>>> print(open('upload_4.cif').read())   # mmCIF, C-alpha atoms
data_target
loop_
_atom_site.label_atom_id
_atom_site.label_comp_id
_atom_site.auth_asym_id
_atom_site.auth_seq_id
_atom_site.Cartn_x
_atom_site.Cartn_y
_atom_site.Cartn_z
CA MET S 1 -1.73 15.16 26.94
CA THR S 2 0.13 13.02 24.49
CA ARG S 3 1.51 15.04 21.62
CA PHE S 4 3.44 13.87 18.68
CA ALA S 5 5.17 15.90 16.10
CA PHE S 6 6.30 15.33 12.61
CA ASP S 7 9.26 17.42 11.74
CA ILE S 8 7.59 20.31 9.94
CA PRO S 9 10.32 22.88 9.44
CA THR S 10 9.81 26.63 9.73
CA VAL S 11 11.23 28.53 6.75
CA ASP S 12 12.20 32.18 6.63
CA ALA S 13 10.73 34.10 3.70
CA GLY S 14 11.59 37.72 4.38
CA ASP S 15 8.71 39.52 6.08
CA VAL S 16 6.90 36.25 6.55
CA ILE S 17 7.62 32.72 7.67
CA LEU S 18 6.36 29.39 6.42
CA ARG S 19 5.25 27.29 9.37
CA ALA S 20 3.06 24.30 10.21
CA PRO S 21 -0.69 25.01 10.16
CA ARG S 22 -2.37 24.82 13.54
CA GLU S 23 -5.90 24.69 14.85
CA SER S 24 -5.77 28.36 15.84
CA ASP S 25 -5.46 29.27 12.14
CA LEU S 26 -9.04 28.12 11.68
CA ASP S 27 -10.69 31.56 11.82
CA ALA S 28 -8.40 33.03 9.20
CA LEU S 29 -8.70 29.98 6.95
CA ALA S 30 -12.48 29.83 7.30
CA GLY S 31 -12.70 33.51 6.40
CA PHE S 32 -10.81 32.94 3.18
CA MET S 33 -12.57 29.69 2.33
CA ALA S 34 -15.97 31.38 2.72
CA SER S 35 -15.02 33.93 0.06
CA ASP S 36 -15.33 33.70 -3.71
CA ARG S 37 -11.56 33.90 -4.04
CA SER S 38 -11.26 30.37 -2.68
CA HIS S 39 -12.79 28.74 -5.74
CA PHE S 40 -9.38 28.18 -7.33
CA VAL S 41 -8.27 26.15 -4.33
CA GLY S 42 -11.29 23.90 -3.81
CA GLY S 43 -13.54 26.37 -1.98
CA PRO S 44 -15.87 27.55 -0.79
CA ALA S 45 -15.75 25.44 2.36
CA THR S 46 -17.51 25.60 5.72
CA ARG S 47 -15.71 26.11 8.99
CA PRO S 48 -15.90 22.40 9.96
CA ASP S 49 -14.53 21.53 6.52
CA CYS S 50 -11.66 23.94 7.17
CA TRP S 51 -10.79 22.00 10.33
CA GLY S 52 -10.49 18.97 8.06
CA ILE S 53 -8.28 20.91 5.66
CA ILE S 54 -5.82 21.65 8.48
CA ALA S 55 -5.90 18.01 9.62
CA ARG S 56 -5.25 16.78 6.07
CA ILE S 57 -2.36 19.19 5.54
CA LEU S 58 -0.72 17.88 8.72
CA GLY S 59 -1.30 14.28 7.66
CA HIS S 60 0.20 15.00 4.25
CA TRP S 61 3.51 15.85 5.93
CA ALA S 62 3.49 12.49 7.72
CA LEU S 63 2.58 10.55 4.59
CA ARG S 64 4.94 12.26 2.13
CA GLY S 65 7.71 13.77 4.22
CA TYR S 66 6.99 17.18 2.74
CA GLY S 67 3.92 19.32 2.51
CA TYR S 68 2.13 22.63 2.72
CA TRP S 69 2.91 25.44 5.12
CA TYR S 70 0.89 28.36 6.28
CA ILE S 71 2.38 31.78 5.66
CA ALA S 72 2.49 33.88 8.83
CA GLU S 73 3.56 37.45 9.45
CA LYS S 74 6.85 37.47 11.27
CA ASP S 75 5.92 40.03 13.93
CA THR S 76 2.42 38.84 14.76
CA ASP S 77 2.39 35.17 13.66
CA ARG S 78 -0.96 35.98 12.03
CA PRO S 79 -1.61 33.49 9.22
CA ILE S 80 -2.19 35.19 5.88
CA GLY S 81 -2.02 32.37 3.38
CA GLY S 82 -0.52 29.05 2.44
CA CYS S 83 2.31 27.81 0.31
CA GLY S 84 4.13 24.54 -0.20
CA PHE S 85 4.10 21.13 -1.78
CA ILE S 86 1.02 19.05 -2.49
CA ASN S 87 1.08 15.48 -3.72
CA ARG S 88 -2.19 13.80 -2.88
CA GLU S 89 -3.47 10.67 -4.51
CA GLY S 90 -4.44 11.69 -8.06
CA TRP S 91 -1.57 14.16 -8.51
CA ASP S 92 0.88 13.36 -11.32
CA GLU S 93 3.81 14.56 -9.23
CA PRO S 94 4.49 16.96 -6.36
CA GLU S 95 3.07 20.41 -6.96
CA LEU S 96 4.10 23.79 -5.59
CA GLY S 97 0.94 25.69 -4.62
CA TRP S 98 0.13 28.97 -2.94
CA GLN S 99 -2.77 31.08 -1.74
CA VAL S 100 -2.87 34.50 -0.14
CA TRP S 101 -5.86 35.28 2.04
CA ASP S 102 -8.03 38.37 2.06
CA GLY S 103 -6.35 41.62 2.89
CA ALA S 104 -2.83 40.33 2.36
CA GLU S 105 -2.72 40.37 -1.43
CA GLY S 106 -0.61 42.75 -3.46
CA ARG S 107 2.40 42.80 -1.12
CA GLY S 108 4.54 40.27 -2.92
CA ILE S 109 3.94 37.72 -0.19
CA ALA S 110 3.10 34.82 -2.49
CA PHE S 111 6.26 35.48 -4.52
CA ALA S 112 8.45 35.55 -1.42
CA ALA S 113 6.78 32.47 0.05
CA ALA S 114 6.89 30.44 -3.17
CA THR S 115 10.54 31.34 -3.73
CA ALA S 116 11.46 30.24 -0.21
CA ALA S 117 9.37 27.07 -0.40
CA ARG S 118 10.78 26.10 -3.79
CA ASP S 119 14.30 26.64 -2.55
CA HIS S 120 13.65 24.63 0.61
CA GLY S 121 12.09 21.81 -1.41
CA ALA S 122 15.07 21.56 -3.72
CA ARG S 123 17.55 21.57 -0.85
CA HIS S 124 15.78 19.35 1.67
CA PHE S 125 13.03 17.32 0.03
CA GLY S 126 14.63 16.37 -3.28
CA LEU S 127 11.88 18.29 -5.05
CA ASP S 128 13.47 20.23 -7.88
CA GLY S 129 11.85 21.42 -11.07
CA VAL S 130 8.36 20.86 -9.70
CA ILE S 131 5.05 21.73 -11.33
CA SER S 132 2.20 24.02 -10.39
CA TYR S 133 -1.37 23.21 -11.38
CA ILE S 134 -3.17 26.45 -12.22
CA ALA S 135 -6.72 27.00 -13.41
CA PRO S 136 -6.58 28.57 -16.89
CA THR S 137 -8.75 31.46 -15.68
CA ASN S 138 -6.59 32.21 -12.64
CA THR S 139 -4.63 34.98 -14.36
CA ARG S 140 -3.17 36.23 -11.14
CA SER S 141 -1.55 32.90 -10.30
CA ILE S 142 -0.39 32.48 -13.89
CA ARG S 143 1.39 35.85 -13.71
CA LEU S 144 3.01 34.81 -10.45
CA ALA S 145 4.14 31.49 -11.91
CA GLU S 146 5.75 33.37 -14.79
CA ARG S 147 7.46 35.81 -12.43
CA LEU S 148 8.81 32.78 -10.60
CA GLY S 149 10.35 31.63 -13.87
CA ALA S 150 7.91 28.77 -14.44
CA SER S 151 6.66 28.12 -17.94
CA PHE S 152 3.56 26.54 -19.42
CA GLU S 153 4.17 22.85 -20.09
CA ARG S 154 0.82 21.35 -21.02
CA ALA S 155 -2.90 21.41 -20.49
CA GLY S 156 -3.82 18.89 -17.84
CA GLU S 157 -6.60 17.74 -15.61
CA LEU S 158 -6.81 17.52 -11.86
CA LEU S 159 -9.74 15.90 -10.04
CA GLY S 160 -11.86 16.35 -13.14
CA HIS S 161 -11.01 20.05 -13.57
CA GLN S 162 -9.15 21.42 -16.54
CA CYS S 163 -5.92 23.04 -15.47
CA HIS S 164 -2.63 24.16 -16.85
CA VAL S 165 0.62 22.61 -15.76
CA TYR S 166 3.47 25.06 -15.23
CA ARG S 167 6.99 23.75 -14.76
CA HIS S 168 9.42 25.53 -12.45
CA PRO S 169 13.08 25.83 -13.36
CA LYS S 170 15.52 23.56 -11.56
CA GLN S 171 17.02 25.19 -8.50
CA GLY S 172 19.99 22.88 -8.19
CA GLY S 173 23.30 24.73 -8.14
CA ALA S 174 21.61 28.08 -8.68
CA MET Z 1 8.56 11.66 9.53
CA ALA Z 2 6.86 8.78 11.32
CA ALA Z 3 4.51 9.83 14.04
CA SER Z 4 6.73 8.22 16.60
CA ASN Z 5 5.19 9.24 19.87
CA ILE Z 6 1.68 7.97 19.37
CA PRO Z 7 1.41 5.51 22.26
CA VAL Z 8 1.54 1.83 21.36
CA LEU Z 9 -1.18 -0.21 23.05
CA THR Z 10 -1.12 -3.97 23.27
CA THR Z 11 -3.69 -6.60 24.10
CA LYS Z 12 -3.54 -10.38 24.11
CA ARG Z 13 -3.88 -10.68 20.34
CA LEU Z 14 -3.38 -7.13 19.06
CA VAL Z 15 -0.95 -4.27 18.89
CA LEU Z 16 -2.31 -0.79 18.23
CA ARG Z 17 -0.04 1.81 16.64
CA GLY Z 18 -0.52 5.15 14.96
CA PRO Z 19 -1.52 5.10 11.29
CA GLU Z 20 1.63 4.79 9.19
CA PRO Z 21 2.19 5.51 5.48
CA GLN Z 22 2.68 1.84 4.63
CA ASP Z 23 -0.74 0.97 6.11
CA TYR Z 24 -2.54 3.21 3.64
CA PRO Z 25 -3.31 0.53 0.99
CA ASP Z 26 -5.20 -1.54 3.58
CA PHE Z 27 -7.16 1.51 4.70
CA LYS Z 28 -7.92 2.41 1.09
CA ALA Z 29 -9.12 -1.10 0.28
CA THR Z 30 -11.75 -0.98 3.01
CA PHE Z 31 -12.77 2.65 2.54
CA SER Z 32 -13.27 2.18 -1.19
CA SER Z 33 -15.46 -0.86 -0.51
CA TYR Z 34 -19.08 -1.28 0.50
CA ARG Z 35 -17.83 -2.06 3.98
CA SER Z 36 -17.38 1.67 4.59
CA ARG Z 37 -20.97 2.57 3.75
CA PHE Z 38 -21.72 3.54 7.35
CA MET Z 39 -18.57 5.70 7.61
CA GLY Z 40 -19.22 8.02 4.71
CA GLY Z 41 -17.94 5.60 2.07
CA PRO Z 42 -17.36 4.10 -0.36
CA LEU Z 43 -14.73 6.71 -1.19
CA ASN Z 44 -12.83 7.26 -4.41
CA ALA Z 45 -9.03 7.13 -4.32
CA TYR Z 46 -8.64 10.86 -3.72
CA GLU Z 47 -11.20 10.91 -0.91
CA ALA Z 48 -9.66 7.86 0.75
CA TRP Z 49 -6.21 9.44 0.72
CA MET Z 50 -7.57 12.70 2.11
CA LEU Z 51 -9.37 10.87 4.90
CA TYR Z 52 -6.23 8.94 5.78
CA ALA Z 53 -4.27 12.20 5.92
CA ALA Z 54 -6.99 13.62 8.17
CA GLU Z 55 -6.73 10.59 10.47
CA ILE Z 56 -3.06 11.41 11.00
CA GLY Z 57 -3.60 15.16 11.26
CA HIS Z 58 -6.28 14.52 13.88
CA TRP Z 59 -3.61 13.06 16.14
CA GLN Z 60 -1.47 16.16 15.72
CA ILE Z 61 -4.33 18.56 16.50
CA ARG Z 62 -6.13 16.66 19.26
CA GLY Z 63 -3.36 14.61 20.82
CA TYR Z 64 -5.41 11.46 20.27
CA GLY Z 65 -6.94 9.76 17.28
CA MET Z 66 -7.51 6.48 15.55
CA TRP Z 67 -4.99 3.70 16.06
CA MET Z 68 -4.22 1.12 13.40
CA ILE Z 69 -5.00 -2.35 14.77
CA HIS Z 70 -2.38 -4.99 13.95
CA ASP Z 71 -2.28 -8.71 14.58
CA ARG Z 72 0.37 -9.13 17.25
CA GLU Z 73 1.84 -12.22 15.58
CA THR Z 74 1.80 -11.30 11.90
CA ASP Z 75 1.64 -7.49 12.17
CA LYS Z 76 -1.10 -7.53 9.50
CA THR Z 77 -3.53 -4.64 9.82
CA LEU Z 78 -7.06 -5.57 10.88
CA GLY Z 79 -8.84 -2.24 11.19
CA MET Z 80 -8.82 0.92 13.27
CA ALA Z 81 -10.12 2.03 16.65
CA GLY Z 82 -9.70 5.13 18.76
CA GLY Z 83 -10.92 8.57 19.68
CA TRP Z 84 -12.38 10.70 16.93
CA PHE Z 85 -13.43 14.31 17.28
CA PRO Z 86 -13.46 16.28 14.03
CA ALA Z 87 -14.96 19.75 13.94
CA LYS Z 88 -18.54 18.71 13.15
CA TRP Z 89 -18.87 16.32 16.07
CA PRO Z 90 -20.87 17.46 19.11
CA GLU Z 91 -18.48 15.62 21.46
CA PRO Z 92 -15.55 13.20 21.27
CA GLU Z 93 -16.43 9.75 20.02
CA ILE Z 94 -14.96 6.28 20.33
CA ALA Z 95 -14.95 4.78 16.84
CA TRP Z 96 -13.90 1.52 15.21
CA ILE Z 97 -13.82 -0.25 11.87
CA ILE Z 98 -12.63 -3.75 11.07
CA TRP Z 99 -11.56 -4.79 7.57
CA PRO Z 100 -14.29 -6.99 6.08
CA ASP Z 101 -12.14 -10.10 5.57
CA VAL Z 102 -11.19 -10.31 9.26
CA ALA Z 103 -14.58 -9.54 10.80
CA GLY Z 104 -16.13 -11.91 13.31
CA HIS Z 105 -13.07 -12.58 15.47
CA GLY Z 106 -13.82 -10.07 18.22
CA TYR Z 107 -10.99 -7.76 17.16
CA ALA Z 108 -13.13 -4.62 17.34
CA LEU Z 109 -14.27 -5.55 20.85
CA GLU Z 110 -10.73 -6.24 22.01
CA ALA Z 111 -9.25 -3.10 20.43
CA THR Z 112 -12.05 -0.75 21.41
CA HIS Z 113 -12.10 -1.99 25.00
CA ARG Z 114 -8.38 -1.20 25.16
CA VAL Z 115 -8.53 2.25 23.57
CA ARG Z 116 -11.47 3.20 25.77
CA ARG Z 117 -9.40 2.36 28.81
CA TYR Z 118 -6.59 4.53 27.47
CA LEU Z 119 -8.88 7.47 26.73
CA TYR Z 120 -10.44 7.21 30.19
CA ASP Z 121 -7.46 6.36 32.35
CA ASP Z 122 -4.55 8.01 30.54
CA LEU Z 123 -6.24 11.01 28.92
CA GLY Z 124 -8.88 11.59 31.58
CA TRP Z 125 -11.98 11.40 29.42
CA GLU Z 126 -15.03 11.34 31.69
CA THR Z 127 -17.51 10.23 29.08
CA ALA Z 128 -17.61 9.14 25.47
CA VAL Z 129 -20.17 8.45 22.79
CA SER Z 130 -20.23 6.51 19.55
CA TYR Z 131 -22.18 7.88 16.60
CA ILE Z 132 -23.64 4.93 14.74
CA ASP Z 133 -25.79 4.65 11.65
CA PRO Z 134 -29.06 3.04 12.83
CA LYS Z 135 -28.73 0.50 10.00
CA ASN Z 136 -25.27 -0.56 11.16
CA LEU Z 137 -26.48 -3.44 13.30
CA ASP Z 138 -23.04 -4.98 13.81
CA SER Z 139 -21.73 -1.75 15.30
CA ILE Z 140 -24.81 -1.22 17.44
CA ARG Z 141 -24.38 -4.75 18.76
CA LEU Z 142 -20.72 -4.03 19.49
CA ALA Z 143 -21.59 -0.79 21.30
CA GLU Z 144 -23.99 -2.77 23.46
CA ARG Z 145 -21.41 -5.49 24.17
CA LEU Z 146 -19.12 -2.64 25.30
CA GLY Z 147 -21.84 -1.56 27.72
CA ALA Z 148 -22.88 1.54 25.76
CA LYS Z 149 -26.53 2.57 25.78
CA LYS Z 150 -28.52 4.65 23.36
CA ASP Z 151 -28.60 8.25 24.58
CA PRO Z 152 -31.67 9.95 23.15
CA GLU Z 153 -30.80 13.24 24.89
CA ALA Z 154 -27.40 13.61 23.25
CA ALA Z 155 -26.91 15.70 20.12
CA SER Z 156 -26.19 13.67 17.01
CA ILE Z 157 -23.93 14.71 14.14
CA ASP Z 158 -26.62 15.41 11.59
CA GLY Z 159 -29.79 13.75 12.85
CA SER Z 160 -29.27 10.59 10.82
CA ASP Z 161 -27.07 8.81 13.37
CA ALA Z 162 -27.85 7.22 16.72
CA VAL Z 163 -25.79 8.27 19.75
CA TYR Z 164 -24.58 5.52 22.07
CA ARG Z 165 -23.17 6.62 25.42
CA HIS Z 166 -20.36 4.53 26.87
CA PRO Z 167 -20.34 3.61 30.54
CA ALA Z 168 -18.45 6.13 32.69
CA PRO Z 169 -14.88 5.29 33.76
CA ALA Z 170 -15.98 4.25 37.26
CA ALA Z 171 -18.50 1.78 35.86
CA LEU Z 172 -15.66 -0.01 34.07
CA ARG Z 173 -13.18 -0.20 36.90
CA ASP Z 174 -13.06 -3.75 38.18
CA SER Z 175 -16.77 -4.13 37.50
CA GLN Z 176 -18.92 -7.02 36.45
CA LEU Z 177 -19.33 -5.23 33.11
CA SER Z 178 -15.63 -5.08 32.36
CA HIS Z 179 -15.08 -8.63 33.59
CA GLY Z 180 -17.80 -9.73 31.19
CA ILE Z 181 -16.13 -7.92 28.29
CA GLU Z 182 -12.79 -9.44 29.16
CA MET Z 183 -14.31 -12.91 29.33
CA GLU Z 184 -15.90 -12.45 25.95
CA ILE Z 185 -12.54 -11.35 24.51
CA ALA Z 186 -10.82 -14.32 26.13
CA ASN Z 187 -13.39 -16.59 24.58
CA TYR Z 188 -12.58 -15.24 21.12
CA ALA Z 189 -8.87 -15.79 21.71
CA ASP Z 190 -9.53 -19.30 22.98
CA PRO Z 191 -12.96 -20.67 22.10
CA LEU Z 192 -12.51 -23.51 24.61
CA PHE Z 193 -11.93 -20.97 27.38
CA LYS Z 194 -14.25 -21.48 30.34
CA PRO Z 195 -13.97 -19.05 33.22
CA LYS Z 196 -13.12 -20.77 36.50
CA GLY Z 197 -15.66 -20.56 39.27
CA PHE Z 198 -18.21 -18.79 37.17
CA ALA Z 199 -21.85 -19.80 37.21
CA ILE Z 200 -22.71 -21.91 34.20
CA ASP Z 201 -26.10 -21.09 32.85
#
>>> encode(input="upload_4.cif", output="structure tokens")
Amino acid sequence: MTRFAFDIPTVDAGDVILRAPRESDLDALAGFMASDRSHFVGGPATRPDCWGIIARILGHWALRGYGYWYIAEKDTDRPIGGCGFINREGWDEPELGWQVWDGAEGRGIAFAAATAARDHGARHFGLDGVISYIAPTNTRSIRLAERLGASFERAGELLGHQCHVYRHPKQGGA
Amino acid sequence: MAASNIPVLTTKRLVLRGPEPQDYPDFKATFSSYRSRFMGGPLNAYEAWMLYAAEIGHWQIRGYGMWMIHDRETDKTLGMAGGWFPAKWPEPEIAWIIWPDVAGHGYALEATHRVRRYLYDDLGWETAVSYIDPKNLDSIRLAERLGAKKDPEAASIDGSDAVYRHPAPAALRDSQLSHGIEMEIANYADPLFKPKGFAID
């Protein structure tokens, strides 16, 4: 069968890696997107919708040259979340986003993944000092943004939803 | 980051390539217009972008997808045609859309006939359907010109679409049906074209 590949790099992030999403991640993604916790990232979504999410993430890489990875455990390759850059039509500028799926929270995985992604973006994609859109009620993500050194820049709006824009520090030369 | 190994297909008037970033404005123009009403549109800018990303991601996941149809001379985009099988679909479909300002030149027929041959002969598809809105008379007519027939037994996507079953690969190999399609395409390319030795009715 014909296959084609965009160059989606795999990035080391300690206990986990950032890698391209694949169709076999569908069960794990659908589990998360069926839960209440997904409402900060556009959920809930059905399993067929989740297939579309994976397709759109892959297409984003082709359209922008950068994009969103899935976070996988190094030993098992089991996907446990997502992290990376999002810049769809309607975004003011490229955003660094993250999500950790059920059962994998509380282990510092989002911090490790976001740090690695941010560093990779600054080095390889020319994305330095990016923003994160965070729902004002998503206290957990706000705390993480602050731990990452990002600071509140302004109140904004994304796809009709109120959100806060956090600005990450420049990585260049650090 | 270009999707470089999507096969390039050519026909007399057309070249079919994978969807590329620079083609997006043309895609968006049609999918934000009334023209897309039978394909889930019209879409807003965000939805159009997300669908275009999905078109590309579909290639990565399935190994086939929708080609962008270009005019072979000018390279202008004219529409899309290809294999489409997102998660909700009961089985893989052959789909097409032509931008509204270039409709009526037989481009969909020419492109779809070519991609169907690729899906059958190169990828080994043994059957294919097209899911068509019953109000989309132009597409139903095209399905019929391609030899597809309504398949009342086949599962539809959500009950609101008609399922047209394409002729099997063997029925298209050097058959009267495929010769007829090719003659119709040739007639679009050259309206004065008259097949030699063919009964005039």
>>> interface_residues(input="upload_4.cif", of="chain S", to="chain Z", cutoff="10 Å", atoms="only C-alpha atoms", output="count of residues only")
37
>>> residues_around(input="upload_4.cif", residues="Ala155 (chain Z)", least_positions_apart="3", cutoff="10 Å", atoms="all atoms listed in the file", output="list of chain:residue names")
Z:Trp89, Z:Pro90, Z:Glu91, Z:Tyr131, Z:Asp151, Z:Pro152, Z:Asp158, Z:Gly159, Z:Asp161, Z:Ala162, Z:Val163
>>> closest_residue(input="upload_4.cif", among="S:Lys74, S:Phe111, S:Ala150, S:Tyr133", to="Asn87 (chain S)", atoms="only C-alpha atoms")
S:Tyr133
>>> closest_residue(input="upload_4.cif", among="S:Gly121, S:Ser35, S:Ala145, S:Leu158", to="Gln171 (chain S)", atoms="only C-alpha atoms")
S:Gly121
>>> residues_around(input="upload_4.cif", residues="His105 (chain Z)", least_positions_apart="6", cutoff="12 Å", atoms="only C-alpha atoms", output="count of residues only")
16
>>> atom_distance(input="upload_4.cif", atom1="CA of Pro42 (chain Z)", atom2="CA of Trp84 (chain Z)")
19.2 Å
>>> resolve_selection(input="upload_4.cif", expression="the PyMOL selection byres ((chain Z and resi 95) around 7)", output="list in words")
Ala81, Gly82, Gly83, Trp84, Glu93, Ile94, Trp96 and Ser130 of chain Z
>>> write_last_selection(input="upload_4.cif", atoms="C-alpha atoms", output="compact mmCIF listing (two decimals), in the coordinates of the input")
# COMPACT_ATOMS: atom_id res chain seq x y z
CA ALA Z 81 -10.12 2.03 16.65
CA GLY Z 82 -9.70 5.13 18.76
CA GLY Z 83 -10.92 8.57 19.68
CA TRP Z 84 -12.38 10.70 16.93
CA GLU Z 93 -16.43 9.75 20.02
CA ILE Z 94 -14.96 6.28 20.33
CA TRP Z 96 -13.90 1.52 15.21
CA SER Z 130 -20.23 6.51 19.55
>>> resolve_selection(input="upload_4.cif", expression="the PyMOL selection byres ((chain Z and resi 10) around 12)", output="PyMOL selection string")
chain Z and resi 7-9+11-17+67-73+75+110-115+117-118
>>> resolve_selection(input="upload_4.cif", expression="the PyMOL selection byres ((chain S and resi 16) around 12)", output="JSON, numbers by chain")
{"S": [10, 11, 12, 13, 14, 15, 17, 18, 19, 69, 70, 71, 72, 73, 74, 75, 76, 77, 78, 79, 80, 81, 82, 83, 100, 104, 107, 108, 109, 110, 111, 112, 113, 114, 115, 116, 117]}
>>> atom_distance(input="upload_4.cif", atom1="CA of Gly42 (chain S)", atom2="CA of Tyr68 (chain S)")
15.0 Å
>>> atom_distance(input="upload_4.cif", atom1="CA of Asp36 (chain S)", atom2="CA of Ser132 (chain S)")
21.1 Å
>>> closest_residue(input="upload_4.cif", among="S:Gln99, S:Gly172, S:Pro9, S:Pro94", to="Leu29 (chain S)", atoms="all atoms listed in the file")
S:Gln99
>>> residues_around(input="upload_4.cif", residues="Pro136 (chain S)", least_positions_apart="3", cutoff="9 Å", atoms="all atoms listed in the file", output="PDB file with C-alpha atoms, in the frame of the given file")
ATOM      1  CA  THR S 139      -4.630  34.980 -14.360  1.00  0.00           C
ATOM      2  CA  ILE S 142      -0.390  32.480 -13.890  1.00  0.00           C
ATOM      3  CA  ALA S 155      -2.900  21.410 -20.490  1.00  0.00           C
ATOM      4  CA  GLN S 162      -9.150  21.420 -16.540  1.00  0.00           C
ATOM      5  CA  CYS S 163      -5.920  23.040 -15.470  1.00  0.00           C
ATOM      6  CA  HIS S 164      -2.630  24.160 -16.850  1.00  0.00           C
TER       7      HIS S 164
END
>>> residues_around(input="upload_4.cif", residues="Met39 (chain Z)", least_positions_apart="3", cutoff="9 Å", atoms="only C-alpha atoms", output="number ranges by chain")
Z: 31, 35-36, 42, 97, 132-133
>>> residues_around(input="upload_4.cif", residues="Ser151 (chain S)", least_positions_apart="4", cutoff="10 Å", atoms="all atoms listed in the file", output="MDAnalysis selection string")
chainID S and resid 131:132 142 145:147 165:169
>>> write_last_selection(input="upload_4.cif", atoms="C-alpha atoms", output="PDB file, keeping the file's coordinate frame")
ATOM      1  CA  ILE S 131       5.050  21.730 -11.330  1.00  0.00           C
ATOM      2  CA  SER S 132       2.200  24.020 -10.390  1.00  0.00           C
ATOM      3  CA  ILE S 142      -0.390  32.480 -13.890  1.00  0.00           C
ATOM      4  CA  ALA S 145       4.140  31.490 -11.910  1.00  0.00           C
ATOM      5  CA  GLU S 146       5.750  33.370 -14.790  1.00  0.00           C
ATOM      6  CA  ARG S 147       7.460  35.810 -12.430  1.00  0.00           C
ATOM      7  CA  VAL S 165       0.620  22.610 -15.760  1.00  0.00           C
ATOM      8  CA  TYR S 166       3.470  25.060 -15.230  1.00  0.00           C
ATOM      9  CA  ARG S 167       6.990  23.750 -14.760  1.00  0.00           C
ATOM     10  CA  HIS S 168       9.420  25.530 -12.450  1.00  0.00           C
ATOM     11  CA  PRO S 169      13.080  25.830 -13.360  1.00  0.00           C
TER      12      PRO S 169
END
>>> closest_residue(input="upload_4.cif", among="S:Gly67, S:Pro44, S:Gly156, S:Gly126", to="Ile86 (chain S)", atoms="all atoms listed in the file")
S:Gly67
>>> decode(input="upload_4.cif", residues="region 40-51 of chain Z", atoms="N, CA and C atoms", output="PDB file, in the first residue's frame")
ATOM      1  N   GLY Z  40     -21.691  18.502   3.673  1.00  0.00           N
ATOM      2  CA  GLY Z  40     -21.588  18.962   5.061  1.00  0.00           C
ATOM      3  C   GLY Z  40     -21.370  20.456   5.197  1.00  0.00           C
ATOM      4  N   GLY Z  41     -21.294  21.191   4.085  1.00  0.00           N
ATOM      5  CA  GLY Z  41     -21.065  22.622   4.143  1.00  0.00           C
ATOM      6  C   GLY Z  41     -22.354  23.410   4.085  1.00  0.00           C
ATOM      7  N   PRO Z  42     -22.300  24.724   3.943  1.00  0.00           N
ATOM      8  CA  PRO Z  42     -21.082  25.528   3.968  1.00  0.00           C
ATOM      9  C   PRO Z  42     -20.410  25.532   5.345  1.00  0.00           C
ATOM     10  N   LEU Z  43     -19.087  25.594   5.330  1.00  0.00           N
ATOM     11  CA  LEU Z  43     -18.304  25.569   6.554  1.00  0.00           C
ATOM     12  C   LEU Z  43     -17.766  26.959   6.870  1.00  0.00           C
ATOM     13  N   ASN Z  44     -17.584  27.239   8.151  1.00  0.00           N
ATOM     14  CA  ASN Z  44     -16.876  28.479   8.498  1.00  0.00           C
ATOM     15  C   ASN Z  44     -15.371  28.245   8.319  1.00  0.00           C
ATOM     16  N   ALA Z  45     -14.591  29.310   8.509  1.00  0.00           N
ATOM     17  CA  ALA Z  45     -13.161  29.232   8.192  1.00  0.00           C
ATOM     18  C   ALA Z  45     -12.461  28.152   9.013  1.00  0.00           C
ATOM     19  N   TYR Z  46     -12.808  28.086  10.290  1.00  0.00           N
ATOM     20  CA  TYR Z  46     -12.199  27.071  11.157  1.00  0.00           C
ATOM     21  C   TYR Z  46     -12.540  25.660  10.678  1.00  0.00           C
ATOM     22  N   GLU Z  47     -13.820  25.445  10.383  1.00  0.00           N
ATOM     23  CA  GLU Z  47     -14.248  24.106   9.958  1.00  0.00           C
ATOM     24  C   GLU Z  47     -13.607  23.718   8.624  1.00  0.00           C
ATOM     25  N   ALA Z  48     -13.485  24.687   7.733  1.00  0.00           N
ATOM     26  CA  ALA Z  48     -12.884  24.391   6.431  1.00  0.00           C
ATOM     27  C   ALA Z  48     -11.420  23.975   6.606  1.00  0.00           C
ATOM     28  N   TRP Z  49     -10.721  24.704   7.468  1.00  0.00           N
ATOM     29  CA  TRP Z  49      -9.301  24.378   7.695  1.00  0.00           C
ATOM     30  C   TRP Z  49      -9.164  22.989   8.309  1.00  0.00           C
ATOM     31  N   MET Z  50     -10.038  22.703   9.271  1.00  0.00           N
ATOM     32  CA  MET Z  50      -9.982  21.405   9.944  1.00  0.00           C
ATOM     33  C   MET Z  50     -10.301  20.271   8.970  1.00  0.00           C
ATOM     34  N   LEU Z  51     -11.231  20.518   8.060  1.00  0.00           N
ATOM     35  CA  LEU Z  51     -11.544  19.476   7.079  1.00  0.00           C
ATOM     36  C   LEU Z  51     -10.367  19.277   6.128  1.00  0.00           C
TER      37      LEU Z  51
END
